[in-house]
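Peer 1: My structure file protein31.pdb, PDB, C-alpha atoms, pLDDT in the B column, is below:
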MODEL        1
ATOM      1  CA  MET Y   1       6.272-147.213 -30.491  1.00 56.00           C
ATOM      2  CA  GLY Y   2       8.126-146.390 -33.691  1.00 58.00           C
ATOM      3  CA  ASN Y   3       8.053-148.588 -36.776  1.00 71.00           C
ATOM      4  CA  ARG Y   4      11.684-149.691 -36.312  1.00 72.00           C
ATOM      5  CA  GLU Y   5      11.166-150.602 -32.653  1.00 76.00           C
ATOM      6  CA  ASP Y   6       7.973-152.464 -33.524  1.00 81.00           C
ATOM      7  CA  SER Y   7       9.809-154.325 -36.288  1.00 86.00           C
ATOM      8  CA  ASN Y   8      12.692-155.256 -33.959  1.00 91.00           C
ATOM      9  CA  SER Y   9      10.238-156.542 -31.363  1.00 92.00           C
ATOM     10  CA  GLU Y  10       8.323-158.611 -33.897  1.00 94.00           C
ATOM     11  CA  GLN Y  11      11.547-160.080 -35.317  1.00 95.00           C
ATOM     12  CA  ALA Y  12      12.854-161.009 -31.857  1.00 96.00           C
ATOM     13  CA  PHE Y  13       9.553-162.671 -30.979  1.00 97.00           C
ATOM     14  CA  ASP Y  14       9.368-164.546 -34.288  1.00 96.00           C
ATOM     15  CA  ASP Y  15      12.964-165.746 -33.880  1.00 96.00           C
ATOM     16  CA  LEU Y  16      12.150-167.007 -30.390  1.00 97.00           C
ATOM     17  CA  LEU Y  17       9.097-168.937 -31.597  1.00 96.00           C
ATOM     18  CA  ALA Y  18      11.023-170.371 -34.540  1.00 95.00           C
ATOM     19  CA  TYR Y  19      13.827-171.556 -32.277  1.00 95.00           C
ATOM     20  CA  PHE Y  20      11.552-173.451 -29.898  1.00 95.00           C
ATOM     21  CA  SER Y  21       9.420-174.869 -32.715  1.00 93.00           C
ATOM     22  CA  ARG Y  22      12.588-176.539 -34.023  1.00 90.00           C
ATOM     23  CA  ASN Y  23      14.131-177.453 -30.673  1.00 85.00           C
ATOM     24  CA  LYS Y  24      11.999-179.756 -28.543  1.00 73.00           C
ATOM     25  CA  ASN Y  25      14.991-181.393 -26.861  1.00 69.00           C
ATOM     26  CA  ASP Y  26      14.119-182.571 -23.344  1.00 71.00           C
ATOM     27  CA  SER Y  27      17.819-182.688 -22.414  1.00 77.00           C
ATOM     28  CA  PRO Y  28      19.298-179.352 -23.517  1.00 90.00           C
ATOM     29  CA  ASP Y  29      22.945-178.467 -22.938  1.00 89.00           C
ATOM     30  CA  PRO Y  30      23.765-176.999 -19.519  1.00 92.00           C
ATOM     31  CA  ILE Y  31      24.259-173.272 -19.054  1.00 94.00           C
ATOM     32  CA  PHE Y  32      27.810-172.383 -18.091  1.00 92.00           C
ATOM     33  CA  HIS Y  33      29.166-169.436 -16.162  1.00 88.00           C
ATOM     34  CA  PRO Y  34      31.210-166.914 -18.165  1.00 89.00           C
ATOM     35  CA  ASP Y  35      34.110-167.576 -15.758  1.00 83.00           C
ATOM     36  CA  ASN Y  36      35.456-171.096 -16.211  1.00 86.00           C
ATOM     37  CA  SER Y  37      36.886-171.165 -12.685  1.00 81.00           C
ATOM     38  CA  VAL Y  38      33.300-171.108 -11.388  1.00 85.00           C
ATOM     39  CA  ASN Y  39      32.364-173.989 -13.678  1.00 85.00           C
ATOM     40  CA  LYS Y  40      35.320-176.022 -12.359  1.00 86.00           C
ATOM     41  CA  MET Y  41      34.354-175.161  -8.780  1.00 82.00           C
ATOM     42  CA  MET Y  42      30.812-176.418  -9.381  1.00 85.00           C
ATOM     43  CA  ASP Y  43      32.091-179.665 -10.973  1.00 85.00           C
ATOM     44  CA  GLN Y  44      34.155-180.359  -7.858  1.00 81.00           C
ATOM     45  CA  ARG Y  45      31.429-179.494  -5.359  1.00 79.00           C
ATOM     46  CA  PRO Y  46      31.181-182.374  -2.844  1.00 72.00           C
ATOM     47  CA  THR Y  47      27.527-181.898  -1.875  1.00 78.00           C
ATOM     48  CA  ALA Y  48      24.405-182.233  -4.009  1.00 85.00           C
ATOM     49  CA  LEU Y  49      22.698-179.128  -5.348  1.00 91.00           C
ATOM     50  CA  ARG Y  50      19.126-178.181  -4.453  1.00 92.00           C
ATOM     51  CA  LYS Y  51      16.828-178.224  -7.477  1.00 95.00           C
ATOM     52  CA  ALA Y  52      15.009-175.053  -8.470  1.00 96.00           C
ATOM     53  CA  SER Y  53      13.259-173.622 -11.523  1.00 97.00           C
ATOM     54  CA  VAL Y  54      12.742-170.136 -12.891  1.00 98.00           C
ATOM     55  CA  LEU Y  55      10.264-168.899 -15.474  1.00 98.00           C
ATOM     56  CA  ILE Y  56      11.215-166.638 -18.365  1.00 98.00           C
ATOM     57  CA  PRO Y  57       7.802-164.958 -18.896  1.00 98.00           C
ATOM     58  CA  ILE Y  58       7.666-163.364 -22.353  1.00 98.00           C
ATOM     59  CA  THR Y  59       4.771-161.193 -23.477  1.00 98.00           C
ATOM     60  CA  ARG Y  60       3.434-161.869 -26.955  1.00 97.00           C
ATOM     61  CA  HIS Y  61       4.265-159.277 -29.589  1.00 95.00           C
ATOM     62  CA  LYS Y  62       1.231-157.249 -30.615  1.00 92.00           C
ATOM     63  CA  PRO Y  63       1.105-154.289 -33.045  1.00 88.00           C
ATOM     64  CA  GLY Y  64       2.112-151.253 -31.034  1.00 87.00           C
ATOM     65  CA  ARG Y  65       3.153-153.377 -28.034  1.00 92.00           C
ATOM     66  CA  ALA Y  66       6.715-154.628 -27.895  1.00 94.00           C
ATOM     67  CA  SER Y  67       7.387-158.135 -26.647  1.00 97.00           C
ATOM     68  CA  GLU Y  68       8.967-158.013 -23.187  1.00 98.00           C
ATOM     69  CA  ILE Y  69      10.404-160.253 -20.483  1.00 98.00           C
ATOM     70  CA  VAL Y  70       9.060-159.914 -16.944  1.00 98.00           C
ATOM     71  CA  LEU Y  71      11.780-159.568 -14.309  1.00 98.00           C
ATOM     72  CA  THR Y  72      11.817-158.971 -10.569  1.00 97.00           C
ATOM     73  CA  VAL Y  73      13.924-157.123  -8.041  1.00 94.00           C
ATOM     74  CA  ARG Y  74      14.545-159.434  -5.110  1.00 85.00           C
ATOM     75  CA  SER Y  75      13.658-158.193  -1.638  1.00 81.00           C
ATOM     76  CA  ALA Y  76      16.517-156.681   0.338  1.00 64.00           C
ATOM     77  CA  ASN Y  77      15.532-158.949   3.254  1.00 74.00           C
ATOM     78  CA  LEU Y  78      16.289-162.227   1.461  1.00 58.00           C
ATOM     79  CA  LYS Y  79      19.323-164.227   2.555  1.00 60.00           C
ATOM     80  CA  SER Y  80      20.152-165.261  -1.027  1.00 61.00           C
ATOM     81  CA  HIS Y  81      20.993-162.562  -3.606  1.00 59.00           C
ATOM     82  CA  PRO Y  82      19.095-159.682  -1.906  1.00 61.00           C
ATOM     83  CA  GLY Y  83      18.276-156.727  -4.146  1.00 64.00           C
ATOM     84  CA  GLN Y  84      19.404-158.449  -7.353  1.00 87.00           C
ATOM     85  CA  ILE Y  85      17.465-158.711 -10.595  1.00 95.00           C
ATOM     86  CA  SER Y  86      15.921-162.151 -10.992  1.00 95.00           C
ATOM     87  CA  LEU Y  87      13.501-164.261 -12.970  1.00 97.00           C
ATOM     88  CA  PRO Y  88      10.465-165.456 -10.980  1.00 97.00           C
ATOM     89  CA  GLY Y  89      11.012-168.914  -9.542  1.00 95.00           C
ATOM     90  CA  GLY Y  90      12.361-170.865  -6.634  1.00 92.00           C
ATOM     91  CA  SER Y  91      13.069-174.214  -5.003  1.00 93.00           C
ATOM     92  CA  GLU Y  92      11.446-177.496  -5.962  1.00 95.00           C
ATOM     93  CA  ASP Y  93       8.629-178.618  -3.685  1.00 94.00           C
ATOM     94  CA  SER Y  94       7.888-182.280  -2.960  1.00 92.00           C
ATOM     95  CA  ALA Y  95       4.422-181.817  -4.457  1.00 92.00           C
ATOM     96  CA  ASP Y  96       5.773-180.506  -7.794  1.00 94.00           C
ATOM     97  CA  SER Y  97       5.423-183.016 -10.613  1.00 95.00           C
ATOM     98  CA  ASP Y  98       8.385-181.668 -12.608  1.00 95.00           C
ATOM     99  CA  VAL Y  99      10.580-178.608 -13.256  1.00 95.00           C
ATOM    100  CA  VAL Y 100       7.765-176.875 -15.158  1.00 96.00           C
ATOM    101  CA  ALA Y 101       5.404-177.257 -12.213  1.00 97.00           C
ATOM    102  CA  THR Y 102       8.015-175.697  -9.926  1.00 97.00           C
ATOM    103  CA  ALA Y 103       8.513-172.684 -12.192  1.00 98.00           C
ATOM    104  CA  LEU Y 104       4.778-172.072 -12.609  1.00 98.00           C
ATOM    105  CA  ARG Y 105       3.948-172.513  -8.930  1.00 97.00           C
ATOM    106  CA  GLU Y 106       6.774-170.254  -7.784  1.00 96.00           C
ATOM    107  CA  SER Y 107       5.870-167.578 -10.346  1.00 98.00           C
ATOM    108  CA  GLU Y 108       2.290-167.552  -9.143  1.00 97.00           C
ATOM    109  CA  GLU Y 109       3.471-167.236  -5.558  1.00 96.00           C
ATOM    110  CA  GLU Y 110       6.052-164.529  -6.279  1.00 96.00           C
ATOM    111  CA  ILE Y 111       4.311-162.253  -8.785  1.00 97.00           C
ATOM    112  CA  GLY Y 112       0.702-163.456  -8.934  1.00 97.00           C
ATOM    113  CA  LEU Y 113       1.023-164.869 -12.462  1.00 98.00           C
ATOM    114  CA  ALA Y 114      -1.754-167.458 -12.781  1.00 98.00           C
ATOM    115  CA  GLN Y 115      -0.483-170.746 -14.168  1.00 97.00           C
ATOM    116  CA  SER Y 116      -3.376-170.833 -16.625  1.00 97.00           C
ATOM    117  CA  ASN Y 117      -2.031-167.618 -18.205  1.00 98.00           C
ATOM    118  CA  VAL Y 118       1.281-169.206 -19.203  1.00 98.00           C
ATOM    119  CA  GLU Y 119       1.888-171.174 -22.411  1.00 98.00           C
ATOM    120  CA  VAL Y 120       5.110-173.115 -21.857  1.00 97.00           C
ATOM    121  CA  ILE Y 121       7.061-173.402 -25.124  1.00 97.00           C
ATOM    122  CA  GLY Y 122      10.359-174.873 -23.968  1.00 96.00           C
ATOM    123  CA  ARG Y 123      13.120-175.144 -21.429  1.00 96.00           C
ATOM    124  CA  LEU Y 124      16.827-174.430 -21.235  1.00 96.00           C
ATOM    125  CA  GLY Y 125      19.599-176.520 -19.746  1.00 95.00           C
ATOM    126  CA  ASP Y 126      20.360-176.542 -16.043  1.00 95.00           C
ATOM    127  CA  MET Y 127      22.718-174.053 -14.430  1.00 94.00           C
ATOM    128  CA  ALA Y 128      24.671-174.820 -11.244  1.00 92.00           C
ATOM    129  CA  LEU Y 129      25.057-171.886  -8.870  1.00 89.00           C
ATOM    130  CA  PRO Y 130      27.712-171.346  -6.173  1.00 87.00           C
ATOM    131  CA  SER Y 131      24.820-170.600  -3.802  1.00 84.00           C
ATOM    132  CA  GLY Y 132      24.021-174.334  -3.895  1.00 88.00           C
ATOM    133  CA  PHE Y 133      21.167-174.478  -6.398  1.00 90.00           C
ATOM    134  CA  GLN Y 134      20.740-176.186  -9.752  1.00 93.00           C
ATOM    135  CA  ILE Y 135      18.206-174.100 -11.638  1.00 95.00           C
ATOM    136  CA  THR Y 136      16.222-174.996 -14.744  1.00 96.00           C
ATOM    137  CA  PRO Y 137      14.865-172.066 -16.797  1.00 97.00           C
ATOM    138  CA  ILE Y 138      11.414-172.589 -18.346  1.00 97.00           C
ATOM    139  CA  VAL Y 139      10.266-170.375 -21.229  1.00 98.00           C
ATOM    140  CA  GLY Y 140       6.619-169.324 -21.272  1.00 98.00           C
ATOM    141  CA  LEU Y 141       4.448-166.931 -23.262  1.00 98.00           C
ATOM    142  CA  ILE Y 142       1.910-164.604 -21.639  1.00 98.00           C
ATOM    143  CA  GLU Y 143      -0.460-161.943 -22.905  1.00 98.00           C
ATOM    144  CA  PRO Y 144       0.670-158.314 -22.559  1.00 97.00           C
ATOM    145  CA  GLY Y 145      -1.074-156.139 -20.008  1.00 95.00           C
ATOM    146  CA  LEU Y 146      -1.444-158.697 -17.225  1.00 97.00           C
ATOM    147  CA  GLU Y 147      -1.526-157.287 -13.698  1.00 95.00           C
ATOM    148  CA  PHE Y 148       1.067-158.670 -11.303  1.00 97.00           C
ATOM    149  CA  VAL Y 149       1.095-158.642  -7.507  1.00 95.00           C
ATOM    150  CA  PRO Y 150       4.550-158.978  -5.904  1.00 94.00           C
ATOM    151  CA  CYS Y 151       4.927-161.129  -2.810  1.00 92.00           C
ATOM    152  CA  PRO Y 152       6.440-158.529  -0.452  1.00 88.00           C
ATOM    153  CA  ILE Y 153       8.570-161.086   1.388  1.00 89.00           C
ATOM    154  CA  GLU Y 154      10.399-162.085  -1.789  1.00 87.00           C
ATOM    155  CA  VAL Y 155       9.872-159.389  -4.425  1.00 93.00           C
ATOM    156  CA  ALA Y 156      10.538-155.673  -4.041  1.00 92.00           C
ATOM    157  CA  GLU Y 157       9.559-154.702  -7.591  1.00 94.00           C
ATOM    158  CA  ILE Y 158       8.397-156.099 -10.936  1.00 97.00           C
ATOM    159  CA  PHE Y 159       9.423-154.598 -14.275  1.00 97.00           C
ATOM    160  CA  HIS Y 160       9.478-155.400 -18.003  1.00 98.00           C
ATOM    161  CA  ALA Y 161      12.521-155.253 -20.308  1.00 98.00           C
ATOM    162  CA  PRO Y 162      12.338-155.406 -24.137  1.00 97.00           C
ATOM    163  CA  LEU Y 163      12.767-158.887 -25.635  1.00 98.00           C
ATOM    164  CA  SER Y 164      14.679-157.346 -28.555  1.00 97.00           C
ATOM    165  CA  LEU Y 165      17.255-155.945 -26.114  1.00 97.00           C
ATOM    166  CA  LEU Y 166      17.648-159.091 -24.015  1.00 98.00           C
ATOM    167  CA  MET Y 167      17.825-161.399 -27.042  1.00 97.00           C
ATOM    168  CA  ASN Y 168      20.658-159.379 -28.617  1.00 97.00           C
ATOM    169  CA  PRO Y 169      23.970-160.967 -27.509  1.00 97.00           C
ATOM    170  CA  GLY Y 170      25.680-157.643 -28.201  1.00 96.00           C
ATOM    171  CA  SER Y 171      23.689-156.015 -25.393  1.00 97.00           C
ATOM    172  CA  TYR Y 172      25.743-157.836 -22.746  1.00 97.00           C
ATOM    173  CA  ASN Y 173      29.077-156.693 -21.361  1.00 95.00           C
ATOM    174  CA  SER Y 174      31.737-158.545 -19.411  1.00 93.00           C
ATOM    175  CA  THR Y 175      32.736-157.254 -16.002  1.00 89.00           C
ATOM    176  CA  SER Y 176      34.200-158.748 -12.860  1.00 83.00           C
ATOM    177  CA  MET Y 177      33.282-159.234  -9.232  1.00 77.00           C
ATOM    178  CA  THR Y 178      35.049-160.752  -6.225  1.00 73.00           C
ATOM    179  CA  TYR Y 179      33.827-164.136  -5.030  1.00 68.00           C
ATOM    180  CA  ASP Y 180      35.762-166.342  -2.573  1.00 67.00           C
ATOM    181  CA  ASN Y 181      38.519-163.709  -2.585  1.00 72.00           C
ATOM    182  CA  GLN Y 182      39.002-164.150  -6.319  1.00 76.00           C
ATOM    183  CA  SER Y 183      38.043-161.904  -9.219  1.00 79.00           C
ATOM    184  CA  ARG Y 184      35.438-163.637 -11.403  1.00 84.00           C
ATOM    185  CA  LYS Y 185      34.115-162.752 -14.834  1.00 89.00           C
ATOM    186  CA  VAL Y 186      30.367-162.037 -15.004  1.00 91.00           C
ATOM    187  CA  LEU Y 187      27.972-160.747 -17.645  1.00 95.00           C
ATOM    188  CA  GLU Y 188      25.825-157.686 -17.166  1.00 96.00           C
ATOM    189  CA  LEU Y 189      23.284-155.596 -19.042  1.00 96.00           C
ATOM    190  CA  GLN Y 190      22.001-152.172 -18.048  1.00 96.00           C
ATOM    191  CA  PHE Y 191      18.345-151.399 -18.753  1.00 97.00           C
ATOM    192  CA  GLU Y 192      17.179-148.041 -17.496  1.00 96.00           C
ATOM    193  CA  ARG Y 193      17.994-148.057 -13.750  1.00 95.00           C
ATOM    194  CA  PHE Y 194      18.192-151.850 -13.561  1.00 96.00           C
ATOM    195  CA  ARG Y 195      21.507-153.735 -13.653  1.00 95.00           C
ATOM    196  CA  ILE Y 196      20.835-157.265 -14.875  1.00 96.00           C
ATOM    197  CA  TRP Y 197      23.830-159.449 -14.044  1.00 92.00           C
ATOM    198  CA  GLY Y 198      24.993-162.768 -12.620  1.00 91.00           C
ATOM    199  CA  ALA Y 199      22.917-165.890 -13.195  1.00 93.00           C
ATOM    200  CA  THR Y 200      19.980-163.966 -14.690  1.00 96.00           C
ATOM    201  CA  ALA Y 201      22.203-162.335 -17.306  1.00 96.00           C
ATOM    202  CA  ALA Y 202      23.953-165.654 -18.011  1.00 96.00           C
ATOM    203  CA  ILE Y 203      20.622-167.426 -18.598  1.00 97.00           C
ATOM    204  CA  LEU Y 204      19.255-164.745 -20.905  1.00 98.00           C
ATOM    205  CA  TYR Y 205      22.548-164.426 -22.784  1.00 97.00           C
ATOM    206  CA  HIS Y 206      22.623-168.200 -23.269  1.00 96.00           C
ATOM    207  CA  LEU Y 207      19.143-168.114 -24.818  1.00 97.00           C
ATOM    208  CA  ALA Y 208      20.069-165.119 -26.999  1.00 97.00           C
ATOM    209  CA  GLN Y 209      23.185-166.910 -28.238  1.00 96.00           C
ATOM    210  CA  MET Y 210      21.326-170.117 -29.078  1.00 95.00           C
ATOM    211  CA  ILE Y 211      18.719-168.220 -31.087  1.00 96.00           C
ATOM    212  CA  GLU Y 212      21.402-166.163 -32.856  1.00 95.00           C
ATOM    213  CA  GLU Y 213      23.491-169.208 -33.756  1.00 91.00           C
ATOM    214  CA  GLU Y 214      20.512-171.015 -35.247  1.00 85.00           C
ATOM    215  CA  LYS Y 215      19.812-168.053 -37.546  1.00 77.00           C
ATOM    216  CA  LYS Y 216      23.275-168.344 -39.168  1.00 68.00           C
TER     217      LYS Y 216
ENDMDL
END
Let me see the file written as structure tokens.
Peer 2:
Amino acid sequence: MGNREDSNSEQAFDDLLAYFSRNKNDSPDPIFHPDNSVNKMMDQRPTALRKASVLIPITRHKPGRASEIVLTVRSANLKSHPGQISLPGGSEDSADSDVVATALRESEEEIGLAQSNVEVIGRLGDMALPSGFQITPIVGLIEPGLEFVPCPIEVAEIFHAPLSLLMNPGSYNSTSMTYDNQSRKVLELQFERFRIWGATAAILYHLAQMIEEEKK
């Protein structure tokens, strides 16, 4: 890894740590969709949303090893968002003590990430999805080089994307997709052959924006 890339990785990781060291709010602002019509639709939804949590697993920056975020490709057989890029996580279980427990349990089940290998440093606000879920993103640090084992029922592939790329708001582009016979604005980011879009892109962009705004 070149000196500039190493420097960018270290800066992105340091900015992340600095943000969460200063922001211990247990009730962070919600994450909104880039299309306000979706936000209005969710506000008017007559039925309750199912609670779920996702983990944003971030590898620690080490000299010569860029900090990265672990992402998954959802199985093509899943009923919800098949084949899309996702963060590990899933629905709340009655045995889960809180949103953190849900994120850690689901991540262990989906990618084989032992809960003891995760240092939770913070959480983001909830995000309401048209699919009927209210998801809470949990931010956790892990050591680089861990071996992951995808659950074949849920995960088709596991990959890593640079933290410095995902935490740069300028990396994201606006595009549109059709939902409920209406064109909706969504965010997307292309990394190698992976198109990161939808809720995953919105969550990561939200975190990138919060970190960037605090630096000003």
Peer 1: Expand the PyMOL selection byres ((chain Y and resi 90-103) around 8) into the individual residues it matches in the shown file, reporting them as a PyMOL selection string.
Peer 2: chain Y and resi 50-55+88-89+104-107+136-138
Peer 1: Rounded to one decimal place, report the CA of Thr72 (chain Y)-CA of Arg60 (chain Y) distance in Å.
Peer 2: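 A separation of 18.6 Å between them.
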Peer 1: Would you list the contacts of region 119-128 of chain Y as a PyMOL selection string, taking every protein, DNA or RNA residue within 9 Å and counting all atoms listed in the file, but skipping same-chain residues closer than 5 positions in sequence?
Peer 2: chain Y and resi 17+20-21+23-33+39+42-43+49+53+100+133-142+199+203+206-207
Peer 1: Just give me the gap between CA of Ile158 (chain Y) and CA of Arg4 (chain Y) in Å, one decimal is fine.
Peer 2: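 CA of Arg4 (chain Y) lies 26.4 Å from CA of Ile158 (chain Y).
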Peer 1: Rounded to one decimal, what separation in Å do you get between CA of Ala156 (chain Y) and CA of Gln84 (chain Y)?
Peer 2: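 Taking CA of Ala156 (chain Y) and CA of Gln84 (chain Y), their separation equals 9.9 Å.
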Peer 1: Which residue gives the smallest distance to Tyr205 (chain Y) among Y:Thr178, Y:Pro34, Y:Glu5, Y:Thr47, with only C-alpha atoms counted?
Peer 2: Y:Pro34
Peer 1: May I ask which of the residues Y:Asn8, Y:Ser86, Y:Ser174, Y:Ser164 is the closest one to Arg74 (chain Y), counting only C-alpha atoms?
Peer 2: Y:Ser86
Peer 1: Taking all atoms listed in the file into account, name the residue in Y:Ala12, Y:Met167, Y:Val186, Y:Ile85 that is nearest to Ser37 (chain Y).
Peer 2: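 Under the stated criterion, the closest residue is Y:Val186.
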Peer 1: At a cut-off of 10 Å from (2.0, -165.4, -10.9) in the coordinates of the file, what residues are picked up using only C-alpha atoms, written as a list in words?
Peer 2: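 Counting only C-alpha atoms, I find these residues within 10 Å of (2.0, -165.4, -10.9): Pro57, Pro88, Gly89, Ala103, Leu104, Arg105, Glu106, Ser107, Glu108, Glu109, Glu110, Ile111, Gly112, Leu113, Ala114, Gln115, Ser116, Asn117, Val118, Leu146, Glu147, Phe148, Val149, Pro150 and Cys151 of chain Y.
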Peer 1: Calculated over all atoms listed in the file, which of the candidates Y:Tyr19, Y:Val73, Y:Ser7, Y:Arg45 has the smallest distance to Pro130 (chain Y)?
Peer 2: Y:Arg45
Peer 1: Give me the residues near Thr59 (chain Y) as an NGL selection string, where near means some atom within 10 Å (using only C-alpha atoms) and where sequence neighbours in that chain fewer than 2 positions away do not count.
Peer 2: :Y and (13 or 56-57 or 61-62 or 65-70 or 118 or 140-146 or 160 or 162-163)
Peer 1: For region 140-164 of chain Y, supply N, CA and C atoms and format the output as an mmCIF file, keeping the file's coordinate frame.
Peer 2:
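Writing done, so here's part.cif:
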data_model
loop_
_atom_site.group_PDB
_atom_site.id
_atom_site.type_symbol
_atom_site.label_atom_id
_atom_site.label_comp_id
_atom_site.auth_asym_id
_atom_site.auth_seq_id
_atom_site.Cartn_x
_atom_site.Cartn_y
_atom_site.Cartn_z
ATOM 1 N N GLY Y 140 8.068 -169.353 -21.120
ATOM 2 C CA GLY Y 140 6.619 -169.324 -21.272
ATOM 3 C C GLY Y 140 6.129 -168.023 -21.880
ATOM 4 N N LEU Y 141 5.060 -168.107 -22.642
ATOM 5 C CA LEU Y 141 4.448 -166.931 -23.262
ATOM 6 C C LEU Y 141 3.239 -166.489 -22.454
ATOM 7 N N ILE Y 142 3.069 -165.172 -22.327
ATOM 8 C CA ILE Y 142 1.910 -164.604 -21.639
ATOM 9 C C ILE Y 142 1.367 -163.455 -22.472
ATOM 10 N N GLU Y 143 0.130 -163.082 -22.213
ATOM 11 C CA GLU Y 143 -0.460 -161.943 -22.905
ATOM 12 C C GLU Y 143 0.085 -160.637 -22.306
ATOM 13 N N PRO Y 144 0.255 -159.602 -23.118
ATOM 14 C CA PRO Y 144 0.670 -158.314 -22.559
ATOM 15 C C PRO Y 144 -0.458 -157.710 -21.724
ATOM 16 N N GLY Y 145 -0.081 -156.861 -20.790
ATOM 17 C CA GLY Y 145 -1.074 -156.139 -20.008
ATOM 18 C C GLY Y 145 -1.577 -156.845 -18.774
ATOM 19 N N LEU Y 146 -1.018 -158.008 -18.440
ATOM 20 C CA LEU Y 146 -1.444 -158.697 -17.225
ATOM 21 C C LEU Y 146 -1.024 -157.899 -15.989
ATOM 22 N N GLU Y 147 -1.848 -157.960 -14.952
ATOM 23 C CA GLU Y 147 -1.526 -157.287 -13.698
ATOM 24 C C GLU Y 147 -0.810 -158.268 -12.778
ATOM 25 N N PHE Y 148 0.295 -157.815 -12.205
ATOM 26 C CA PHE Y 148 1.067 -158.670 -11.303
ATOM 27 C C PHE Y 148 1.016 -158.115 -9.881
ATOM 28 N N VAL Y 149 1.106 -159.024 -8.920
ATOM 29 C CA VAL Y 149 1.095 -158.642 -7.507
ATOM 30 C C VAL Y 149 2.328 -159.244 -6.849
ATOM 31 N N PRO Y 150 3.336 -158.430 -6.498
ATOM 32 C CA PRO Y 150 4.550 -158.978 -5.904
ATOM 33 C C PRO Y 150 4.326 -159.485 -4.492
ATOM 34 N N CYS Y 151 4.920 -160.632 -4.184
ATOM 35 C CA CYS Y 151 4.927 -161.129 -2.810
ATOM 36 C C CYS Y 151 5.951 -160.288 -2.046
ATOM 37 N N PRO Y 152 5.524 -159.487 -1.083
ATOM 38 C CA PRO Y 152 6.440 -158.529 -0.452
ATOM 39 C C PRO Y 152 7.619 -159.170 0.274
ATOM 40 N N ILE Y 153 7.470 -160.412 0.691
ATOM 41 C CA ILE Y 153 8.570 -161.086 1.388
ATOM 42 C C ILE Y 153 9.725 -161.379 0.433
ATOM 43 N N GLU Y 154 9.384 -161.653 -0.832
ATOM 44 C CA GLU Y 154 10.399 -162.085 -1.789
ATOM 45 C C GLU Y 154 10.710 -161.071 -2.882
ATOM 46 N N VAL Y 155 9.728 -160.266 -3.262
ATOM 47 C CA VAL Y 155 9.872 -159.389 -4.425
ATOM 48 C C VAL Y 155 9.651 -157.934 -4.041
ATOM 49 N N ALA Y 156 10.651 -157.101 -4.335
ATOM 50 C CA ALA Y 156 10.538 -155.673 -4.041
ATOM 51 C C ALA Y 156 9.877 -154.917 -5.189
ATOM 52 N N GLU Y 157 10.056 -155.429 -6.422
ATOM 53 C CA GLU Y 157 9.559 -154.702 -7.591
ATOM 54 C C GLU Y 157 9.472 -155.651 -8.780
ATOM 55 N N ILE Y 158 8.546 -155.355 -9.686
ATOM 56 C CA ILE Y 158 8.397 -156.099 -10.936
ATOM 57 C C ILE Y 158 8.533 -155.111 -12.088
ATOM 58 N N PHE Y 159 9.295 -155.483 -13.116
ATOM 59 C CA PHE Y 159 9.423 -154.598 -14.275
ATOM 60 C C PHE Y 159 9.529 -155.429 -15.553
ATOM 61 N N HIS Y 160 9.407 -154.754 -16.695
ATOM 62 C CA HIS Y 160 9.478 -155.400 -18.003
ATOM 63 C C HIS Y 160 10.666 -154.823 -18.777
ATOM 64 N N ALA Y 161 11.421 -155.688 -19.449
ATOM 65 C CA ALA Y 161 12.521 -155.253 -20.308
ATOM 66 C C ALA Y 161 12.278 -155.779 -21.723
ATOM 67 N N PRO Y 162 12.636 -155.010 -22.752
ATOM 68 C CA PRO Y 162 12.338 -155.406 -24.137
ATOM 69 C C PRO Y 162 13.002 -156.731 -24.529
ATOM 70 N N LEU Y 163 12.229 -157.621 -25.141
ATOM 71 C CA LEU Y 163 12.767 -158.887 -25.635
ATOM 72 C C LEU Y 163 13.870 -158.632 -26.648
ATOM 73 N N SER Y 164 13.686 -157.632 -27.514
ATOM 74 C CA SER Y 164 14.679 -157.346 -28.555
ATOM 75 C C SER Y 164 16.022 -156.946 -27.957
#
